[in-house]
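Trainee: Structure below; questions to follow.
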Number of protein chains: 2
Amino acid sequence: MRVLRLLVAYDGTRYCGWQRQENGPTIQAALEDALAPLFSGRAGGARKVPSVHGAGRTDAGVHALGQVASVAGETTLSTGEILRALNAQLDRDIRVLDVADAPAGFNARFNATGKTYRYRIATGPVVSPFLHRFVWHRPDRLDVPAMRQAATGILGRHDFSVFKSAGSTVLDSVRTLDRLDLLECGDELVCEVHGDGFLHHMVRAIIGTLMDVGVGRREPSSMAVLIGSRDRGLAGETAPAQGLTLVSVDYPQAGH
Amino acid sequence: MRVLRLLVAYDGTRYCGWQRQENGPTIQAALEDALAPLFSGRAGGARKVPSVHGAGRTDAGVHALGQVASVAGETTLSTGEILRALNAQLDRDIRVLDVADAPAGFNARFNATGKTYRYRIATGPVVSPFLHRFVWHRPDRLDVPAMRQAATGILGRHDFSVFKSAGSTVLDSVRTLDRLDLLECGDELVCEVHGDGFLHHMVRAIIGTLMDVGVGRREPSSMAVLIGSRDRGLAGETAPAQGLTLVSVDYPQAGH
């Protein structure tokens, strides 16, 4: 049984997120359906659909520049042939950028040690028609230095329950957030975060909270108390999905 | 009667081009329908739909960063109010970037003295999911110096019949093309042209012909003979619409 590691980019606009579901198209289902014809092996006469594991199970409308996925299956195709076959099959808003053989047992989700996400906010009066699918439009005058000060209060190892989605059932909410950069690029404010893992909606809730600071509705010094409260109701709104992009995923050894 | 000058950007992917038609959505119809409620004046009890004139009547799938349009009508709204009202009404893949009052008689189409178009070619093996709507994918090894040499044979004042669409009924095919630059940006080849006017499909036919040169199917020195032939059948294929963007339009006086 070979284990393949896929590097995947997608425009998430028209997908119901990563995870396969009945209600609409998903990235996982598109990859699994594109991989199935490449693998030998049938279950009960029907072709078996392979299980693709994604490092970040992105929500509906969230994009990826460097999602990593793993899949196990039997095939004699080369990695280059698999890459070309997948891209020929997939819609053009999903692209496989790289295919590599991975060690036995590699799982893109459970072996990931870190992730980088980017969130884009358009602050000008008019959003370019070429950007509207990828930004949150907030034509506000933002106090970016205050947002940076607030960010320092979020960095580090904490129980991040205050930023997790209401319906989350995760047992351990402790994560380490080691980078939160805010870059002003013309009419755009780009937030990039890196951590060892993120709770469901965590990046978007952090962005919503920082925006409260940016418009003066929340004190930059209030972050430590906020995190200590572990009360989701006290944090800011969950920023819209379309501004978020999974940039890259880290693994213990380069390439695996 | 006020005359307004609009600066408009659009992602042309889902439109049947600039010109209003029965068969599907167009940029002109979207602008006219968004402007109608802002203008006073009715014809026979029904609200009169204003006529919007565009500098470049872009084809289906062609984009614009700086299309210019003019429209005459009666309104007491300020230009800022008109801009906000139009953008509130329009789908987000069309944005009005600027609204200004223009001199009486200003017509965006007939007063234009020059235009700049850009054509993007993706030359890498895989096209980013964020770019596929805006490029022609040609994963070829291109001889860009040969393409630049061919371009010099096209520059100047010529009868450009060889590059006009088969169905074109324009009487005067003489135009001046004064700039054709080819820029290599990573996996992308960007072609930017400037001239006093362009025949229907002219930019795309030039691109198709230069691509023949780039892959070695046509001699870079053959352009003068080609133009002299005035025979559309001898030029290259018409490059796909989605790679083309109208960048800007020139007028005799700044802003008009």
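Labels for the structure tokens follow display order: chains A, B, ..., residues from 1 in each chain, ligands from 1.
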I need the contact residues of chain A against chain B, so if you could list those with any atom within 9 Å, counting only C-alpha atoms, and return them as a ChimeraX atom specification, that would help.
Mentor: /A:9-11,65,84,87,92-97,125-133
Trainee: Using every C-alpha atom paired in order, could you least-squares fit chain B onto chain A and give me the moved chain as an mmCIF file with C-alpha atoms, in the first residue's frame?
Mentor:
data_model
loop_
_atom_site.group_PDB
_atom_site.id
_atom_site.type_symbol
_atom_site.label_atom_id
_atom_site.label_comp_id
_atom_site.auth_asym_id
_atom_site.auth_seq_id
_atom_site.Cartn_x
_atom_site.Cartn_y
_atom_site.Cartn_z
ATOM 1 C CA MET B 1 -0.005 0.004 0.030
ATOM 2 C CA ARG B 2 1.454 3.369 -1.031
ATOM 3 C CA VAL B 3 0.804 6.515 1.001
ATOM 4 C CA LEU B 4 0.684 9.713 -1.035
ATOM 5 C CA ARG B 5 1.131 13.263 0.217
ATOM 6 C CA LEU B 6 -0.716 15.880 -1.840
ATOM 7 C CA LEU B 7 -0.124 19.638 -1.781
ATOM 8 C CA VAL B 8 -3.414 21.275 -2.748
ATOM 9 C CA ALA B 9 -4.579 24.841 -3.500
ATOM 10 C CA TYR B 10 -8.199 25.878 -3.896
ATOM 11 C CA ASP B 11 -10.576 28.774 -4.277
ATOM 12 C CA GLY B 12 -13.154 27.690 -1.679
ATOM 13 C CA THR B 13 -15.907 30.042 -2.876
ATOM 14 C CA ARG B 14 -18.253 27.458 -4.343
ATOM 15 C CA TYR B 15 -17.480 24.595 -1.944
ATOM 16 C CA CYS B 16 -19.183 23.537 1.299
ATOM 17 C CA GLY B 17 -15.756 23.290 2.921
ATOM 18 C CA TRP B 18 -13.210 20.488 3.114
ATOM 19 C CA GLN B 19 -15.228 17.646 4.613
ATOM 20 C CA ARG B 20 -17.355 15.356 2.425
ATOM 21 C CA GLN B 21 -21.087 15.879 2.993
ATOM 22 C CA GLU B 22 -24.395 15.171 1.308
ATOM 23 C CA ASN B 23 -25.502 18.772 0.848
ATOM 24 C CA GLY B 24 -23.018 20.030 -1.701
ATOM 25 C CA PRO B 25 -19.562 19.858 -3.274
ATOM 26 C CA THR B 26 -16.536 19.638 -0.977
ATOM 27 C CA ILE B 27 -12.790 19.590 -1.524
ATOM 28 C CA GLN B 28 -12.377 16.166 0.116
ATOM 29 C CA ALA B 29 -15.076 14.598 -2.087
ATOM 30 C CA ALA B 30 -13.601 16.150 -5.238
ATOM 31 C CA LEU B 31 -10.148 14.746 -4.406
ATOM 32 C CA GLU B 32 -11.480 11.318 -3.415
ATOM 33 C CA ASP B 33 -13.560 11.069 -6.582
ATOM 34 C CA ALA B 34 -10.591 12.131 -8.727
ATOM 35 C CA LEU B 35 -8.277 9.624 -7.006
ATOM 36 C CA ALA B 36 -10.639 6.626 -7.165
ATOM 37 C CA PRO B 37 -10.023 5.761 -10.847
ATOM 38 C CA LEU B 38 -6.242 5.851 -10.273
ATOM 39 C CA PHE B 39 -6.266 3.197 -7.549
ATOM 40 C CA SER B 40 -6.708 -0.525 -8.031
ATOM 41 C CA GLY B 41 -8.793 -2.469 -5.528
ATOM 42 C CA ARG B 42 -12.523 -2.956 -5.376
ATOM 43 C CA ALA B 43 -14.897 -3.640 -2.504
ATOM 44 C CA GLY B 44 -17.773 -5.985 -3.291
ATOM 45 C CA GLY B 45 -17.431 -5.430 -7.039
ATOM 46 C CA ALA B 46 -17.711 -1.658 -6.773
ATOM 47 C CA ARG B 47 -14.670 0.569 -6.900
ATOM 48 C CA LYS B 48 -13.665 1.589 -3.387
ATOM 49 C CA VAL B 49 -13.542 5.348 -2.778
ATOM 50 C CA PRO B 50 -10.216 6.202 -1.112
ATOM 51 C CA SER B 51 -10.191 8.180 2.148
ATOM 52 C CA VAL B 52 -8.317 11.459 1.860
ATOM 53 C CA HIS B 53 -7.194 13.090 5.125
ATOM 54 C CA GLY B 54 -6.686 16.865 5.120
ATOM 55 C CA ALA B 55 -4.394 18.714 7.524
ATOM 56 C CA GLY B 56 -6.908 21.543 7.963
ATOM 57 C CA ARG B 57 -10.616 20.834 7.607
ATOM 58 C CA THR B 58 -11.404 24.256 6.151
ATOM 59 C CA ASP B 59 -14.945 25.629 6.416
ATOM 60 C CA ALA B 60 -17.248 26.555 3.542
ATOM 61 C CA GLY B 61 -15.798 29.499 1.612
ATOM 62 C CA VAL B 62 -12.291 29.215 3.116
ATOM 63 C CA HIS B 63 -9.406 28.982 0.625
ATOM 64 C CA ALA B 64 -6.058 27.196 0.578
ATOM 65 C CA LEU B 65 -2.687 27.936 -0.941
ATOM 66 C CA GLY B 66 -0.925 24.970 0.683
ATOM 67 C CA GLN B 67 -3.354 22.448 2.123
ATOM 68 C CA VAL B 68 -1.726 19.047 2.714
ATOM 69 C CA ALA B 69 -3.647 15.802 2.282
ATOM 70 C CA SER B 70 -2.743 12.127 2.590
ATOM 71 C CA VAL B 71 -4.268 9.063 0.998
ATOM 72 C CA ALA B 72 -3.398 5.352 0.930
ATOM 73 C CA GLY B 73 -3.928 3.173 -2.122
ATOM 74 C CA GLU B 74 -2.444 0.831 -4.696
ATOM 75 C CA THR B 75 -1.219 2.288 -7.965
ATOM 76 C CA THR B 76 1.763 1.825 -10.254
ATOM 77 C CA LEU B 77 1.487 5.363 -11.614
ATOM 78 C CA SER B 78 4.384 7.741 -10.990
ATOM 79 C CA THR B 79 3.799 10.784 -8.784
ATOM 80 C CA GLY B 80 4.012 13.005 -11.893
ATOM 81 C CA GLU B 81 1.374 10.907 -13.664
ATOM 82 C CA ILE B 82 -0.887 11.081 -10.601
ATOM 83 C CA LEU B 83 -0.510 14.877 -10.457
ATOM 84 C CA ARG B 84 -1.443 15.294 -14.133
ATOM 85 C CA ALA B 85 -4.350 12.818 -13.903
ATOM 86 C CA LEU B 86 -5.794 14.579 -10.847
ATOM 87 C CA ASN B 87 -5.561 18.054 -12.387
ATOM 88 C CA ALA B 88 -7.126 16.789 -15.622
ATOM 89 C CA GLN B 89 -10.055 15.470 -13.589
ATOM 90 C CA LEU B 90 -10.544 18.277 -11.043
ATOM 91 C CA ASP B 91 -12.365 21.549 -11.670
ATOM 92 C CA ARG B 92 -9.930 24.397 -12.170
ATOM 93 C CA ASP B 93 -10.701 25.975 -8.790
ATOM 94 C CA ILE B 94 -8.874 23.039 -7.146
ATOM 95 C CA ARG B 95 -5.279 22.336 -8.175
ATOM 96 C CA VAL B 96 -2.886 19.673 -6.959
ATOM 97 C CA LEU B 97 0.503 21.417 -6.829
ATOM 98 C CA ASP B 98 2.610 18.434 -5.801
ATOM 99 C CA VAL B 99 2.348 14.675 -5.246
ATOM 100 C CA ALA B 100 4.973 12.751 -3.261
ATOM 101 C CA ASP B 101 5.335 9.293 -1.752
ATOM 102 C CA ALA B 102 5.163 9.475 2.053
ATOM 103 C CA PRO B 103 6.324 7.005 4.729
ATOM 104 C CA ALA B 104 3.890 4.235 5.756
ATOM 105 C CA GLY B 105 1.494 5.528 8.383
ATOM 106 C CA PHE B 106 1.782 9.195 7.335
ATOM 107 C CA ASN B 107 -1.454 11.051 8.085
ATOM 108 C CA ALA B 108 -1.647 14.686 6.958
ATOM 109 C CA ARG B 109 -4.027 15.580 9.777
ATOM 110 C CA PHE B 110 -2.534 13.804 12.788
ATOM 111 C CA ASN B 111 1.130 14.332 11.887
ATOM 112 C CA ALA B 112 0.798 18.104 11.350
ATOM 113 C CA THR B 113 2.789 20.095 13.911
ATOM 114 C CA GLY B 114 1.851 23.618 12.848
ATOM 115 C CA LYS B 115 -0.223 25.703 10.440
ATOM 116 C CA THR B 116 -0.111 29.159 8.928
ATOM 117 C CA TYR B 117 -3.341 30.992 8.092
ATOM 118 C CA ARG B 118 -3.822 34.369 6.406
ATOM 119 C CA TYR B 119 -6.835 36.643 6.737
ATOM 120 C CA ARG B 120 -7.374 39.541 4.295
ATOM 121 C CA ILE B 121 -9.409 42.650 5.164
ATOM 122 C CA ALA B 122 -10.234 45.241 2.485
ATOM 123 C CA THR B 123 -10.373 48.657 4.152
ATOM 124 C CA GLY B 124 -10.932 50.946 1.136
ATOM 125 C CA PRO B 125 -14.343 52.304 0.095
ATOM 126 C CA VAL B 126 -14.593 50.011 -2.969
ATOM 127 C CA VAL B 127 -13.388 46.391 -3.219
ATOM 128 C CA SER B 128 -11.821 45.328 -6.524
ATOM 129 C CA PRO B 129 -14.052 42.898 -8.468
ATOM 130 C CA PHE B 130 -10.998 40.621 -8.597
ATOM 131 C CA LEU B 131 -10.666 40.477 -4.791
ATOM 132 C CA HIS B 132 -14.191 40.354 -3.383
ATOM 133 C CA ARG B 133 -14.178 36.548 -3.068
ATOM 134 C CA PHE B 134 -11.037 36.656 -0.899
ATOM 135 C CA VAL B 135 -11.489 39.534 1.547
ATOM 136 C CA TRP B 136 -13.710 40.840 4.338
ATOM 137 C CA HIS B 137 -14.828 44.340 3.354
ATOM 138 C CA ARG B 138 -14.532 46.633 6.375
ATOM 139 C CA PRO B 139 -14.265 50.221 5.110
ATOM 140 C CA ASP B 140 -13.309 51.454 8.572
ATOM 141 C CA ARG B 141 -10.491 53.627 9.827
ATOM 142 C CA LEU B 142 -8.568 51.031 11.832
ATOM 143 C CA ASP B 143 -6.106 51.644 14.665
ATOM 144 C CA VAL B 144 -3.571 49.045 13.529
ATOM 145 C CA PRO B 145 -1.027 49.783 16.311
ATOM 146 C CA ALA B 146 -3.777 49.064 18.869
ATOM 147 C CA MET B 147 -4.595 45.824 17.035
ATOM 148 C CA ARG B 148 -0.894 44.865 17.172
ATOM 149 C CA GLN B 149 -0.821 45.580 20.911
ATOM 150 C CA ALA B 150 -3.908 43.380 21.410
ATOM 151 C CA ALA B 151 -2.255 40.625 19.356
ATOM 152 C CA THR B 152 0.643 40.420 21.813
ATOM 153 C CA GLY B 153 -1.911 39.569 24.532
ATOM 154 C CA ILE B 154 -3.102 36.549 22.541
ATOM 155 C CA LEU B 155 0.299 35.084 21.691
ATOM 156 C CA GLY B 156 1.586 32.119 23.652
ATOM 157 C CA ARG B 157 0.206 28.904 25.103
ATOM 158 C CA HIS B 158 -3.380 29.311 26.320
ATOM 159 C CA ASP B 159 -6.719 27.626 26.668
ATOM 160 C CA PHE B 160 -8.345 29.302 23.633
ATOM 161 C CA SER B 161 -11.954 28.299 24.500
ATOM 162 C CA VAL B 162 -12.966 31.961 24.210
ATOM 163 C CA PHE B 163 -12.273 31.800 20.475
ATOM 164 C CA LYS B 164 -13.774 28.388 19.647
ATOM 165 C CA SER B 165 -17.065 27.926 17.841
ATOM 166 C CA ALA B 166 -20.152 27.473 20.009
ATOM 167 C CA GLY B 167 -20.777 23.938 18.745
ATOM 168 C CA SER B 168 -17.200 22.708 19.164
ATOM 169 C CA THR B 169 -16.862 19.422 21.062
ATOM 170 C CA VAL B 170 -13.057 19.376 21.232
ATOM 171 C CA LEU B 171 -11.859 18.274 24.689
ATOM 172 C CA ASP B 172 -8.486 19.998 24.863
ATOM 173 C CA SER B 173 -8.656 23.700 23.964
ATOM 174 C CA VAL B 174 -5.022 24.464 24.785
ATOM 175 C CA ARG B 175 -3.005 25.660 21.783
ATOM 176 C CA THR B 176 0.161 27.642 21.178
ATOM 177 C CA LEU B 177 -0.107 30.702 18.946
ATOM 178 C CA ASP B 178 3.433 31.860 18.246
ATOM 179 C CA ARG B 179 2.985 34.464 15.505
ATOM 180 C CA LEU B 180 0.301 37.038 14.683
ATOM 181 C CA ASP B 181 1.466 39.646 12.171
ATOM 182 C CA LEU B 182 -0.590 42.514 10.781
ATOM 183 C CA LEU B 183 0.597 43.940 7.456
ATOM 184 C CA GLU B 184 -0.856 47.018 5.799
ATOM 185 C CA CYS B 185 -0.688 46.679 2.003
ATOM 186 C CA GLY B 186 -2.400 49.680 0.414
ATOM 187 C CA ASP B 187 -6.151 49.323 0.980
ATOM 188 C CA GLU B 188 -5.653 45.886 2.514
ATOM 189 C CA LEU B 189 -4.866 44.710 6.028
ATOM 190 C CA VAL B 190 -3.391 41.214 6.012
ATOM 191 C CA CYS B 191 -3.239 39.170 9.197
ATOM 192 C CA GLU B 192 -1.009 36.108 9.261
ATOM 193 C CA VAL B 193 -1.005 33.668 12.177
ATOM 194 C CA HIS B 194 1.067 30.596 12.976
ATOM 195 C CA GLY B 195 0.422 28.067 15.704
ATOM 196 C CA ASP B 196 0.636 24.384 16.560
ATOM 197 C CA GLY B 197 -3.084 23.980 15.900
ATOM 198 C CA PHE B 198 -6.315 25.947 15.730
ATOM 199 C CA LEU B 199 -9.754 25.298 17.204
ATOM 200 C CA HIS B 200 -12.809 25.444 14.933
ATOM 201 C CA HIS B 201 -13.419 29.122 13.965
ATOM 202 C CA MET B 202 -10.459 30.208 16.139
ATOM 203 C CA VAL B 203 -8.710 32.366 13.530
ATOM 204 C CA ARG B 204 -11.954 34.015 12.465
ATOM 205 C CA ALA B 205 -12.976 34.744 16.088
ATOM 206 C CA ILE B 206 -9.527 36.263 16.750
ATOM 207 C CA ILE B 207 -9.933 38.467 13.656
ATOM 208 C CA GLY B 208 -13.414 39.593 14.737
ATOM 209 C CA THR B 209 -12.045 40.468 18.186
ATOM 210 C CA LEU B 210 -9.035 42.355 16.791
ATOM 211 C CA MET B 211 -11.395 44.322 14.527
ATOM 212 C CA ASP B 212 -13.291 45.431 17.651
ATOM 213 C CA VAL B 213 -9.974 46.775 18.912
ATOM 214 C CA GLY B 214 -9.245 48.383 15.543
ATOM 215 C CA VAL B 215 -12.466 50.420 15.573
ATOM 216 C CA GLY B 216 -12.086 51.365 19.256
ATOM 217 C CA ARG B 217 -14.856 49.178 20.697
ATOM 218 C CA ARG B 218 -12.442 47.094 22.796
ATOM 219 C CA GLU B 219 -9.283 47.929 24.739
ATOM 220 C CA PRO B 220 -6.039 46.436 23.401
ATOM 221 C CA SER B 221 -5.066 45.620 27.017
ATOM 222 C CA SER B 222 -8.172 43.478 27.562
ATOM 223 C CA MET B 223 -6.960 40.310 25.803
ATOM 224 C CA ALA B 224 -5.486 38.509 28.842
ATOM 225 C CA VAL B 225 -8.734 38.880 30.790
ATOM 226 C CA LEU B 226 -10.725 37.877 27.718
ATOM 227 C CA ILE B 227 -8.744 34.643 27.199
ATOM 228 C CA GLY B 228 -8.943 33.883 30.927
ATOM 229 C CA SER B 229 -12.747 34.130 30.824
ATOM 230 C CA ARG B 230 -13.006 31.139 28.438
ATOM 231 C CA ASP B 231 -16.464 32.564 27.579
ATOM 232 C CA ARG B 232 -17.096 32.628 23.787
ATOM 233 C CA GLY B 233 -19.829 35.196 24.329
ATOM 234 C CA LEU B 234 -17.267 37.783 25.415
ATOM 235 C CA ALA B 235 -15.108 37.621 22.261
ATOM 236 C CA GLY B 236 -15.843 39.378 18.966
ATOM 237 C CA GLU B 237 -17.926 38.132 16.070
ATOM 238 C CA THR B 238 -16.644 35.314 13.850
ATOM 239 C CA ALA B 239 -15.172 37.044 10.781
ATOM 240 C CA PRO B 240 -16.582 35.860 7.415
ATOM 241 C CA ALA B 241 -15.078 32.712 5.890
ATOM 242 C CA GLN B 242 -14.109 34.189 2.527
ATOM 243 C CA GLY B 243 -11.261 36.278 3.971
ATOM 244 C CA LEU B 244 -9.440 33.193 5.306
ATOM 245 C CA THR B 245 -6.762 31.139 3.539
ATOM 246 C CA LEU B 246 -4.795 28.141 4.820
ATOM 247 C CA VAL B 247 -1.282 29.077 3.687
ATOM 248 C CA SER B 248 0.882 26.126 4.763
ATOM 249 C CA VAL B 249 1.188 23.134 7.091
ATOM 250 C CA ASP B 250 4.262 22.018 9.042
ATOM 251 C CA TYR B 251 5.467 18.445 9.641
ATOM 252 C CA PRO B 252 8.322 17.157 11.815
ATOM 253 C CA GLN B 253 10.548 16.293 8.864
ATOM 254 C CA ALA B 254 10.751 18.407 5.742
ATOM 255 C CA GLY B 255 8.217 17.086 3.262
ATOM 256 C CA HIS B 256 6.492 14.613 5.556
#
Trainee: Would you please extract all strand (DSSP E) residues from segment 117-193 of chain B, as assigned by DSSP on the backbone, and give them as a PyMOL selection string?
Mentor: chain B and resi 117-122+136-137+156-159+174-185+188-193
Trainee: How would you write, as a PyMOL selection string, the set of residues in segment 10-133 of chain B that DSSP gives as alpha helix (DSSP H)?
Mentor: chain B and resi 27-35+79-89
